[in-house]
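S.K.: My structure is below; once you've seen it, I'll send some questions.
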Amino acid sequence: LVYDSLQVAHKCILNSFYGYVMRKGARWRSMEMAGIVTKTGADLITQARILVEQIGRPLELDTDGIWCILPQSFPDVFNFETASGKKFKLEYPCTMLNADVDANFTNHQYQTLEDAEKRKYSTRSENS
């Protein structure tokens, strides 16, 4: 449920962003940015298809998602318990897709001014 909520939120944000940069009269109208949003989405769907083909079968690819079937024997949810007794679950397909997005779409160029006098910046990575 958490991953489904996240993917719906990301989908809404990207669709809204695409709609904004394509709107005539928008302050930051940009065909190039709209193209980047579309290309990134297509790359994500392609990588999801590649992952799914390794464990199941894609049924339908769309501009904003992928429908697939996994073998009934495939353990899609792993349950863990820490040494302290805390329980959590790991949903394998979602976790693998998130790891793939992190590996391939993280921006390593965010900078924060640390010392204005010395003009020193720290660099961090983010993936939203």
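Residues are referred to by chain and number: the chain letter is A, B, ... according to the order shown in the structure tokens, the number counts from 1 in that chain, and ligands are numbered separately from 1 in the order shown.
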Chain A: which residues are alpha helix (DSSP H) by DSSP, as number ranges by chain?
M.R.: A: 2-22, 31-55, 92-105
S.K.: Could you give me, as a PyMOL selection string, each residue of chain A that DSSP assigns to strand (DSSP E) when run on this structure's backbone?
M.R.: chain A and resi 57-62+65-69+77-81+87-91+107-115+120-126
S.K.: Sorted by chain and rising residue number, which residues of segment 37-66 of chain A lie within 8 Å of segment 96-109 of chain A, and what are their closest atom pairs and distances in Å to one decimal, counting only C-alpha atoms, as a tab-separated table?
M.R.:
residue	atom	partner	partner_atom	distance
A:Leu44	CA	A:Val101	CA	7.4
A:Gln47	CA	A:Asp100	CA	7.9
A:Ala48	CA	A:Leu97	CA	6.6
A:Leu51	CA	A:Leu97	CA	7.8
S.K.: Now that the selection is made, can you save its residues with N, CA and C atoms as a PDB file, in the first residue's frame?
M.R.:
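Listed below is the output, again_2.pdb:
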ATOM      1  N   LEU A  44      12.023   4.523 -17.446  1.00  0.00           N
ATOM      2  CA  LEU A  44      11.574   3.806 -16.245  1.00  0.00           C
ATOM      3  C   LEU A  44      10.696   2.608 -16.616  1.00  0.00           C
ATOM      4  N   GLN A  47      12.910  -0.148 -18.115  1.00  0.00           N
ATOM      5  CA  GLN A  47      13.677  -0.869 -17.086  1.00  0.00           C
ATOM      6  C   GLN A  47      12.772  -1.757 -16.246  1.00  0.00           C
ATOM      7  N   ALA A  48      11.543  -1.308 -15.989  1.00  0.00           N
ATOM      8  CA  ALA A  48      10.589  -2.146 -15.254  1.00  0.00           C
ATOM      9  C   ALA A  48      10.263  -3.395 -16.070  1.00  0.00           C
ATOM     10  N   LEU A  51      13.113  -5.893 -15.815  1.00  0.00           N
ATOM     11  CA  LEU A  51      13.088  -6.583 -14.524  1.00  0.00           C
ATOM     12  C   LEU A  51      11.971  -7.627 -14.489  1.00  0.00           C
TER      13      LEU A  51
END
S.K.: Let me make sure I understand: among A:Leu61, A:Ile13, A:Ile55, A:Leu113, which one has the smallest atom-to-atom distance to Pro75 of chain A if we use only C-alpha atoms?
M.R.: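 Using only C-alpha atoms, the shortest distance to Pro75 of chain A belongs to A:Ile55.
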S.K.: Rank nothing, just name the residue among A:Ala116, A:Met31, A:Val37, A:Leu70 nearest to Asn15 of chain A, using only C-alpha atoms.
M.R.: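 Looking at the shortest contact to Asn15 of chain A, the residue is A:Val37.
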S.K.: How many Å separate atom CA of Ile36 of chain A from atom CA of Pro58 of chain A?
M.R.: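 It comes out at 24.8 Å.
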S.K.: For a test of reading the model, state the distance in Å between atom CA of Glu91 of chain A and atom CA of Ile50 of chain A, rounded to one decimal.
M.R.: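 Interatomic distance, atom CA of Glu91 of chain A to atom CA of Ile50 of chain A: 17.8 Å.
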S.K.: Quick one: of A:Lys118, A:Arg29, A:Ala83, A:Pro93, who's nearest to Gln54 of chain A, counting only C-alpha atoms?
M.R.: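 Closest residue, counting only C-alpha atoms: A:Pro93.
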S.K.: Grab the atom CA of Glu32 of chain A to atom CA of Tyr20 of chain A distance for me, in Å with one decimal place.
M.R.: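 Going from atom CA of Glu32 of chain A over to atom CA of Tyr20 of chain A covers 12.7 Å.
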S.K.: Could you check which of A:Gly41, A:Phe80, A:Gly19, A:Lys87 is closest to Ile66 of chain A, using only C-alpha atoms?
M.R.: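 Once distances to Ile66 of chain A are computed over only C-alpha atoms, the minimum belongs to A:Gly41.
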S.K.: With only C-alpha atoms as the atoms that count, which of A:Ser125, A:Thr112, A:Thr95, A:Thr38 lies nearest to Met22 of chain A?
M.R.: A:Thr38
